[in-house]
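Colleague: Below you'll find the structure I mean.
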Amino acid sequence: MLEAAGLGLWAGGRELVRALDLSLAPGAFWSLLGRNGSGKTSLILALAGLRAPQSGAIALDGVELAAHRRGELARRIAVLLQDEETDFWGSVLDYVMLGRYPHSRSAWSRDEESSGLARRWLAELDLADRAAQAYRTLSGGERQRARIAQVLLQDADVLLLDEPLQHLDLHHQARVMRTLSRCASGGKTVLAALHEPGHAVRHCGFAVLLYDAGRASLGRSSDMLTQANLEALYQCRLEADGTGSFLPS
Amino acid sequence: MKTVPVLVVALVPASLALATAFGSVDLGPGRLADALLGRGDEIAREIVWGVRAPRALAGFACGGLLALAGALLQVLLRNPLADPTILGVSGGAAAGALAAMLLGVSAAGLNFAALAGASIAAGAVFAFSLGRSGWNPYRVLLTGVALASGFGALVGLMLSLAPSSQVQGMLFWLLGDLSPAGDPSAALVVLAGCAALAFSQSAALDVLILGEDKARSLGVAVTRLQSIAFGCATLATVAAVLLGGSIGFVGLVVPHLLRLTGVHRHGALLPLSACLGGSLLALADTLARTVAAPAELPVGVLTAMIGVPVLLLLLAKLR
């Protein structure tokens, strides 16, 4: 259980999140929605323990994040960052295998079990035939899927994903959402920053909406992802398309 | 892909053998073989064991230290063009050494002055770059480059003030030259120590390529890792500069050569960089001693003359 209490986040002199109470339970799939610059990334970095919040506290199983040892935290919380370095010289499989670091610290960690797991996640993300290819030669969308495979290989209890669907085509957007959904059903906690409410409606049981000026609301998707809420969130008129999704009118 | 490490490791004894076999004096195969086995005339033995062997080892240590420092700095600064001169350490050492020459102090005093200059540069880079939130790679780069050009100006000032009789010696120091290198054993110990310490961090360095935040989220103690690696790189650079002056391009090119041939994991890249850098400098120094014999060229001129085209080729290939 990852919990934030009275969380306050600022960036660039702006208040992004004010007094947010959030409790992410195992088995729940949360979407995180908000306009550009609303604080989605800041919230994910804080929840991952990568940035100290300006106020409030974040605890994993009742213990403050800062009190956990780094190595232990890495086995509990995995995070997909929005921008990651792409200057990697090895193969796709080598790249994904770095996600295994928290589990085996040895320099000779290419054990059969880990590489088997890595290949399974690569297959799950439709990259099975890319395993031996140089990571640098992948397309943007393929890199994104390799990065997601790396996060999944980390096998943490909590998955925090900042825009997991960026660069992905429609087919692979759906595929990644289904994979994440299965992770949640399997008992993991998943939180994903998304830009397409349709995916949240279909796959996520819960939603966090980050409004401007630090205001946030959260709850069940069925209560949160209404046309009125989303119009207020994105500050534009929306049209229901009849499938539970919305498009700007 | 497995042939590259084997070739690189095999190059180590081969380059040391070549560096010992060739020199400004042609001993001929018979006298050389005798001298190598400790037989024959005393002059040949002295040339082989007293002059060439230590010089070959000094070249190896110097090149190995520079390449190791370069490989570390390239991952730490996430900058493919990082090399040991970027720390400002070489510039600091050069300014110290030239000041000592200008004041006419002894050889030991010169080494001490070079060490002091290098320490001042390293201390300044560390002081400006290590903040409460850890290391800031951009500040390392900026401070290092600024210090290097500052020391460059100081060096220029001293060159213009120096009597012409001293300028020749100063130039050799600035261009990189192994002829005044004495006993290489201290540098070899530093090389072994730095390589072992860096090697112990190689898995974490692999993860650091993903960026600092990602590495933290994977459980790497990033600030501690950076401190260890910066410390290793600095120590290696100081040891190399004290031995051979400002020898360029070894630290920049050698790690890239290995990466281009498919070596990218630091567990292999760091030790192989040390081996290849050492071998190549030992060979370059052999050329420097023999090409214009009995005159000696500064080896730094040769490494730059070989290094620049290699680097340009590499850039063309990477496009």
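Going through the structure tokens in order, the chains are called A, B, and so on, while each chain numbers its residues from 1 and the ligands are numbered from 1 in the order shown.
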Give me, as a PyMOL selection string, all polymer residues having an atom no more than 8 Å from Ser42 (chain A), counting only C-alpha atoms and skipping those fewer than 5 positions away in the same chain.
Modeller: chain A and resi 9+11+51
Colleague: Limited to N, CA and C atoms, could you put the picked residues into a file as a PDB file, in the first residue's frame?
Modeller:
```
ATOM      1  N   LEU A   9       2.967  19.788  -3.627  1.00  0.00           N
ATOM      2  CA  LEU A   9       4.045  19.792  -4.620  1.00  0.00           C
ATOM      3  C   LEU A   9       4.083  21.127  -5.344  1.00  0.00           C
ATOM      4  N   ALA A  11       6.418  23.370  -8.405  1.00  0.00           N
ATOM      5  CA  ALA A  11       7.489  23.342  -9.405  1.00  0.00           C
ATOM      6  C   ALA A  11       7.465  24.656 -10.157  1.00  0.00           C
ATOM      7  N   ARG A  51      11.725  12.622  -5.787  1.00  0.00           N
ATOM      8  CA  ARG A  51      11.737  14.026  -5.392  1.00  0.00           C
ATOM      9  C   ARG A  51      11.041  14.126  -4.031  1.00  0.00           C
TER      10      ARG A  51
END
```
Colleague: Name the residues in contact with Leu205 (chain B) at a cut-off of 8 Å, using only C-alpha atoms, excluding same-chain residues fewer than 2 positions from it; report them as a list in words.
Modeller: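 My list of contacting residues is Val75, Gln201, Ser202, Ala203, Val207, Leu208, Ile209, Leu225 and His266 of chain B.
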Colleague: Which residue, A:Tyr135, A:Tyr211, A:Tyr234, A:Tyr101, has the smallest gap to chain B when you use only C-alpha atoms?
Modeller: A:Tyr101
Colleague: Can you work out which one of A:Leu218, A:Ala156, A:Val208, A:Leu165 has the shortest atom-to-atom distance to chain B, counting only C-alpha atoms?
Modeller: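 Using only C-alpha atoms, the shortest distance to chain B belongs to A:Ala156.
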Colleague: With 10 Å as the limit and counting only C-alpha atoms, what residues in chain A lie close to chain B? Please list them as a PDB file with N, CA and C atoms, in the first residue's frame.
Modeller:
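Listed below is the output, iface.pdb:
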```
ATOM      1  N   LEU A  45       7.005  11.410  -9.699  1.00  0.00           N
ATOM      2  CA  LEU A  45       8.375  11.440  -9.157  1.00  0.00           C
ATOM      3  C   LEU A  45       8.348  11.412  -7.633  1.00  0.00           C
ATOM      4  N   ALA A  48       7.416   7.993  -6.372  1.00  0.00           N
ATOM      5  CA  ALA A  48       8.504   7.032  -6.576  1.00  0.00           C
ATOM      6  C   ALA A  48       9.669   7.286  -5.624  1.00  0.00           C
ATOM      7  N   GLY A  49       9.582   8.378  -4.846  1.00  0.00           N
ATOM      8  CA  GLY A  49      10.670   8.686  -3.920  1.00  0.00           C
ATOM      9  C   GLY A  49      11.850   9.351  -4.595  1.00  0.00           C
ATOM     10  N   LEU A  50      11.643   9.878  -5.811  1.00  0.00           N
ATOM     11  CA  LEU A  50      12.744  10.507  -6.533  1.00  0.00           C
ATOM     12  C   LEU A  50      12.823  12.003  -6.269  1.00  0.00           C
ATOM     13  N   ARG A  51      11.725  12.622  -5.787  1.00  0.00           N
ATOM     14  CA  ARG A  51      11.737  14.026  -5.392  1.00  0.00           C
ATOM     15  C   ARG A  51      11.041  14.126  -4.031  1.00  0.00           C
ATOM     16  N   ARG A  69      15.453   1.446   2.394  1.00  0.00           N
ATOM     17  CA  ARG A  69      16.730   1.413   1.700  1.00  0.00           C
ATOM     18  C   ARG A  69      16.480   1.413   0.199  1.00  0.00           C
ATOM     19  N   ARG A  70      17.379   2.125  -0.550  1.00  0.00           N
ATOM     20  CA  ARG A  70      17.194   2.269  -2.003  1.00  0.00           C
ATOM     21  C   ARG A  70      16.990   0.931  -2.702  1.00  0.00           C
ATOM     22  N   GLY A  71      17.854  -0.016  -2.368  1.00  0.00           N
ATOM     23  CA  GLY A  71      17.790  -1.310  -3.030  1.00  0.00           C
ATOM     24  C   GLY A  71      16.471  -2.008  -2.769  1.00  0.00           C
ATOM     25  N   GLU A  72      15.977  -1.864  -1.540  1.00  0.00           N
ATOM     26  CA  GLU A  72      14.718  -2.501  -1.187  1.00  0.00           C
ATOM     27  C   GLU A  72      13.559  -1.804  -1.896  1.00  0.00           C
ATOM     28  N   LEU A  73      13.608  -0.462  -1.914  1.00  0.00           N
ATOM     29  CA  LEU A  73      12.561   0.312  -2.569  1.00  0.00           C
ATOM     30  C   LEU A  73      12.459  -0.057  -4.049  1.00  0.00           C
ATOM     31  N   ALA A  74      13.618  -0.346  -4.660  1.00  0.00           N
ATOM     32  CA  ALA A  74      13.621  -0.675  -6.093  1.00  0.00           C
ATOM     33  C   ALA A  74      12.925  -1.999  -6.367  1.00  0.00           C
ATOM     34  N   ARG A  75      12.857  -2.864  -5.350  1.00  0.00           N
ATOM     35  CA  ARG A  75      12.129  -4.119  -5.541  1.00  0.00           C
ATOM     36  C   ARG A  75      10.640  -3.939  -5.261  1.00  0.00           C
ATOM     37  N   ARG A  76      10.278  -2.776  -4.673  1.00  0.00           N
ATOM     38  CA  ARG A  76       8.870  -2.540  -4.343  1.00  0.00           C
ATOM     39  C   ARG A  76       8.186  -1.573  -5.313  1.00  0.00           C
ATOM     40  N   ILE A  77       8.924  -0.535  -5.764  1.00  0.00           N
ATOM     41  CA  ILE A  77       8.331   0.480  -6.637  1.00  0.00           C
ATOM     42  C   ILE A  77       9.146   0.587  -7.921  1.00  0.00           C
ATOM     43  N   ALA A  78       8.477   0.453  -9.071  1.00  0.00           N
ATOM     44  CA  ALA A  78       9.143   0.666 -10.364  1.00  0.00           C
ATOM     45  C   ALA A  78       8.499   1.882 -11.027  1.00  0.00           C
ATOM     46  N   VAL A  79       9.314   2.650 -11.759  1.00  0.00           N
ATOM     47  CA  VAL A  79       8.760   3.854 -12.365  1.00  0.00           C
ATOM     48  C   VAL A  79       9.211   3.971 -13.821  1.00  0.00           C
ATOM     49  N   LEU A  80       8.252   4.294 -14.675  1.00  0.00           N
ATOM     50  CA  LEU A  80       8.567   4.609 -16.074  1.00  0.00           C
ATOM     51  C   LEU A  80       8.595   6.122 -16.179  1.00  0.00           C
ATOM     52  N   LEU A  81       9.773   6.670 -16.512  1.00  0.00           N
ATOM     53  CA  LEU A  81       9.890   8.122 -16.604  1.00  0.00           C
ATOM     54  C   LEU A  81       9.480   8.584 -18.000  1.00  0.00           C
ATOM     55  N   ASP A  83      10.967  11.029 -19.800  1.00  0.00           N
ATOM     56  CA  ASP A  83      12.163  11.162 -20.627  1.00  0.00           C
ATOM     57  C   ASP A  83      13.239  10.266 -20.054  1.00  0.00           C
ATOM     58  N   GLU A  84      13.746   9.380 -20.880  1.00  0.00           N
ATOM     59  CA  GLU A  84      14.870   8.567 -20.423  1.00  0.00           C
ATOM     60  C   GLU A  84      15.972   8.669 -21.449  1.00  0.00           C
ATOM     61  N   GLU A  85      17.196   8.463 -20.970  1.00  0.00           N
ATOM     62  CA  GLU A  85      18.340   8.501 -21.873  1.00  0.00           C
ATOM     63  C   GLU A  85      18.176   7.429 -22.940  1.00  0.00           C
ATOM     64  N   THR A  86      18.534   7.731 -24.160  1.00  0.00           N
ATOM     65  CA  THR A  86      18.400   6.742 -25.214  1.00  0.00           C
ATOM     66  C   THR A  86      19.747   6.341 -25.791  1.00  0.00           C
ATOM     67  N   ASP A  87      20.828   6.837 -25.196  1.00  0.00           N
ATOM     68  CA  ASP A  87      22.154   6.554 -25.717  1.00  0.00           C
ATOM     69  C   ASP A  87      22.655   5.237 -25.158  1.00  0.00           C
ATOM     70  N   PHE A  88      22.024   4.150 -25.591  1.00  0.00           N
ATOM     71  CA  PHE A  88      22.390   2.834 -25.077  1.00  0.00           C
ATOM     72  C   PHE A  88      22.983   2.020 -26.212  1.00  0.00           C
ATOM     73  N   TRP A  89      24.146   1.385 -25.953  1.00  0.00           N
ATOM     74  CA  TRP A  89      24.902   0.765 -27.044  1.00  0.00           C
ATOM     75  C   TRP A  89      24.591  -0.711 -27.236  1.00  0.00           C
ATOM     76  N   GLY A  90      23.896  -1.327 -26.310  1.00  0.00           N
ATOM     77  CA  GLY A  90      23.695  -2.769 -26.397  1.00  0.00           C
ATOM     78  C   GLY A  90      22.435  -3.157 -27.159  1.00  0.00           C
ATOM     79  N   SER A  91      22.061  -4.435 -27.032  1.00  0.00           N
ATOM     80  CA  SER A  91      20.876  -4.942 -27.710  1.00  0.00           C
ATOM     81  C   SER A  91      19.622  -4.599 -26.898  1.00  0.00           C
ATOM     82  N   ASP A  94      19.638  -6.651 -23.804  1.00  0.00           N
ATOM     83  CA  ASP A  94      20.543  -6.060 -22.806  1.00  0.00           C
ATOM     84  C   ASP A  94      19.847  -4.918 -22.086  1.00  0.00           C
ATOM     85  N   TYR A  95      19.156  -4.088 -22.868  1.00  0.00           N
ATOM     86  CA  TYR A  95      18.490  -2.911 -22.305  1.00  0.00           C
ATOM     87  C   TYR A  95      17.420  -3.325 -21.300  1.00  0.00           C
ATOM     88  N   MET A  97      17.167  -6.106 -19.724  1.00  0.00           N
ATOM     89  CA  MET A  97      17.762  -6.822 -18.587  1.00  0.00           C
ATOM     90  C   MET A  97      18.236  -5.880 -17.473  1.00  0.00           C
ATOM     91  N   LEU A  98      18.475  -4.600 -17.797  1.00  0.00           N
ATOM     92  CA  LEU A  98      18.878  -3.658 -16.747  1.00  0.00           C
ATOM     93  C   LEU A  98      17.790  -3.557 -15.680  1.00  0.00           C
ATOM     94  N   GLY A  99      16.540  -3.870 -16.056  1.00  0.00           N
ATOM     95  CA  GLY A  99      15.452  -3.860 -15.079  1.00  0.00           C
ATOM     96  C   GLY A  99      15.621  -4.906 -14.000  1.00  0.00           C
ATOM     97  N   ARG A 100      16.527  -5.832 -14.212  1.00  0.00           N
ATOM     98  CA  ARG A 100      16.769  -6.911 -13.262  1.00  0.00           C
ATOM     99  C   ARG A 100      17.763  -6.488 -12.174  1.00  0.00           C
ATOM    100  N   TYR A 101      18.364  -5.321 -12.335  1.00  0.00           N
ATOM    101  CA  TYR A 101      19.430  -4.887 -11.417  1.00  0.00           C
ATOM    102  C   TYR A 101      19.057  -5.001  -9.939  1.00  0.00           C
ATOM    103  N   PRO A 102      17.837  -4.567  -9.543  1.00  0.00           N
ATOM    104  CA  PRO A 102      17.513  -4.644  -8.109  1.00  0.00           C
ATOM    105  C   PRO A 102      17.495  -6.069  -7.570  1.00  0.00           C
ATOM    106  N   HIS A 103      17.366  -7.056  -8.453  1.00  0.00           N
ATOM    107  CA  HIS A 103      17.241  -8.435  -7.990  1.00  0.00           C
ATOM    108  C   HIS A 103      18.556  -9.181  -7.996  1.00  0.00           C
ATOM    109  N   SER A 104      19.497  -8.793  -8.854  1.00  0.00           N
ATOM    110  CA  SER A 104      20.808  -9.443  -8.821  1.00  0.00           C
ATOM    111  C   SER A 104      21.868  -8.407  -9.100  1.00  0.00           C
ATOM    112  N   ARG A 105      22.660  -8.150  -8.099  1.00  0.00           N
ATOM    113  CA  ARG A 105      23.631  -7.064  -8.164  1.00  0.00           C
ATOM    114  C   ARG A 105      24.921  -7.449  -8.862  1.00  0.00           C
ATOM    115  N   SER A 106      25.082  -8.723  -9.145  1.00  0.00           N
ATOM    116  CA  SER A 106      26.374  -9.155  -9.684  1.00  0.00           C
ATOM    117  C   SER A 106      26.567  -8.669 -11.104  1.00  0.00           C
ATOM    118  N   ALA A 107      27.814  -8.453 -11.481  1.00  0.00           N
ATOM    119  CA  ALA A 107      28.118  -8.024 -12.842  1.00  0.00           C
ATOM    120  C   ALA A 107      27.861  -9.157 -13.823  1.00  0.00           C
ATOM    121  N   TRP A 108      27.763 -10.355 -13.318  1.00  0.00           N
ATOM    122  CA  TRP A 108      27.552 -11.521 -14.192  1.00  0.00           C
ATOM    123  C   TRP A 108      26.130 -12.022 -13.997  1.00  0.00           C
ATOM    124  N   SER A 109      25.161 -11.121 -14.138  1.00  0.00           N
ATOM    125  CA  SER A 109      23.810 -11.443 -13.723  1.00  0.00           C
ATOM    126  C   SER A 109      22.966 -12.016 -14.856  1.00  0.00           C
ATOM    127  N   ALA A 134      20.054  -3.940 -32.087  1.00  0.00           N
ATOM    128  CA  ALA A 134      20.643  -2.851 -31.301  1.00  0.00           C
ATOM    129  C   ALA A 134      19.538  -1.889 -30.854  1.00  0.00           C
ATOM    130  N   VAL A 151      10.554  -1.948 -17.141  1.00  0.00           N
ATOM    131  CA  VAL A 151       9.841  -1.657 -15.890  1.00  0.00           C
ATOM    132  C   VAL A 151       9.131  -2.906 -15.380  1.00  0.00           C
ATOM    133  N   GLN A 154      11.320  -5.430 -13.723  1.00  0.00           N
ATOM    134  CA  GLN A 154      11.727  -5.037 -12.364  1.00  0.00           C
ATOM    135  C   GLN A 154      10.843  -5.742 -11.331  1.00  0.00           C
TER     136      GLN A 154
END
```
Colleague: Mind the document's chain letters and residue numbers, and return as a PyMOL selection string the residues of region 12-218 of chain B that DSSP labels strand (DSSP E).
Modeller: chain B and resi 130-131+134-135
Colleague: Can you spit out the residues from that selection as an mmCIF file, in the first residue's frame, using N, CA and C atoms?
Modeller:
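And here is the file that came out, again_32.cif:
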```cif
data_model
loop_
_atom_site.group_PDB
_atom_site.id
_atom_site.type_symbol
_atom_site.label_atom_id
_atom_site.label_comp_id
_atom_site.auth_asym_id
_atom_site.auth_seq_id
_atom_site.Cartn_x
_atom_site.Cartn_y
_atom_site.Cartn_z
ATOM 1 N N LEU B 130 29.719 19.303 -6.551
ATOM 2 C CA LEU B 130 29.054 18.409 -5.612
ATOM 3 C C LEU B 130 28.197 19.235 -4.675
ATOM 4 N N GLY B 131 26.904 19.241 -4.915
ATOM 5 C CA GLY B 131 25.983 20.008 -4.083
ATOM 6 C C GLY B 131 25.214 19.105 -3.151
ATOM 7 N N GLY B 134 23.626 16.100 -4.742
ATOM 8 C CA GLY B 134 24.505 15.195 -5.462
ATOM 9 C C GLY B 134 25.366 15.908 -6.489
ATOM 10 N N TRP B 135 25.896 15.123 -7.414
ATOM 11 C CA TRP B 135 26.791 15.643 -8.439
ATOM 12 C C TRP B 135 25.982 16.294 -9.546
#
```
Colleague: What's the 10 Å shell around Gly186 (chain A), counting only C-alpha atoms, without same-chain residues fewer than 6 positions away, as a VMD selection string?
Modeller: chain A and resid 26 to 28 180
Colleague: Next, the residues of the selection above should be written as an mmCIF file, in the first residue's frame with N, CA and C atoms.
Modeller:
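Below is the file that was written, selection09.cif:
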```cif
data_model
loop_
_atom_site.group_PDB
_atom_site.id
_atom_site.type_symbol
_atom_site.label_atom_id
_atom_site.label_comp_id
_atom_site.auth_asym_id
_atom_site.auth_seq_id
_atom_site.Cartn_x
_atom_site.Cartn_y
_atom_site.Cartn_z
ATOM 1 N N PRO A 26 -3.107 -2.481 -3.355
ATOM 2 C CA PRO A 26 -2.767 -3.546 -4.297
ATOM 3 C C PRO A 26 -3.993 -3.961 -5.113
ATOM 4 N N GLY A 27 -3.766 -4.229 -6.380
ATOM 5 C CA GLY A 27 -4.847 -4.685 -7.241
ATOM 6 C C GLY A 27 -5.613 -3.573 -7.926
ATOM 7 N N ALA A 28 -5.289 -2.304 -7.596
ATOM 8 C CA ALA A 28 -6.018 -1.183 -8.195
ATOM 9 C C ALA A 28 -5.232 -0.606 -9.369
ATOM 10 N N LEU A 180 -1.016 -3.841 -18.535
ATOM 11 C CA LEU A 180 -1.017 -3.175 -17.222
ATOM 12 C C LEU A 180 -2.229 -3.614 -16.404
#
```
Colleague: So what do you get for CA of Ala97 (chain B) versus CA of Leu115 (chain B), distance-wise?
Modeller: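 Pair CA of Ala97 (chain B) / CA of Leu115 (chain B) returns 8.4 Å.
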Colleague: Could you jot down the CA of Ala132 (chain A) to CA of Arg119 (chain A) separation for me, Å, one decimal place?
Modeller: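 One can read the CA of Ala132 (chain A) to CA of Arg119 (chain A) distance as 10.5 Å.
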Colleague: What residues in region 65-311 of chain B get the DSSP label helix (DSSP H, G or I)? Please answer as a VMD selection string.
Modeller: chain B and resid 65 to 76 84 to 87 89 to 103 107 to 129 137 to 161 164 to 175 185 to 200 202 to 208 212 to 217 222 to 244 250 to 260 266 to 290 299 to 311
Colleague: Do you know which residues are at most 8 Å from Ser245 (chain A) counting only C-alpha atoms, after dropping those on the same chain fewer than 6 positions away, and could you put them as a VMD selection string?
Modeller: chain A and resid 197 to 198 201
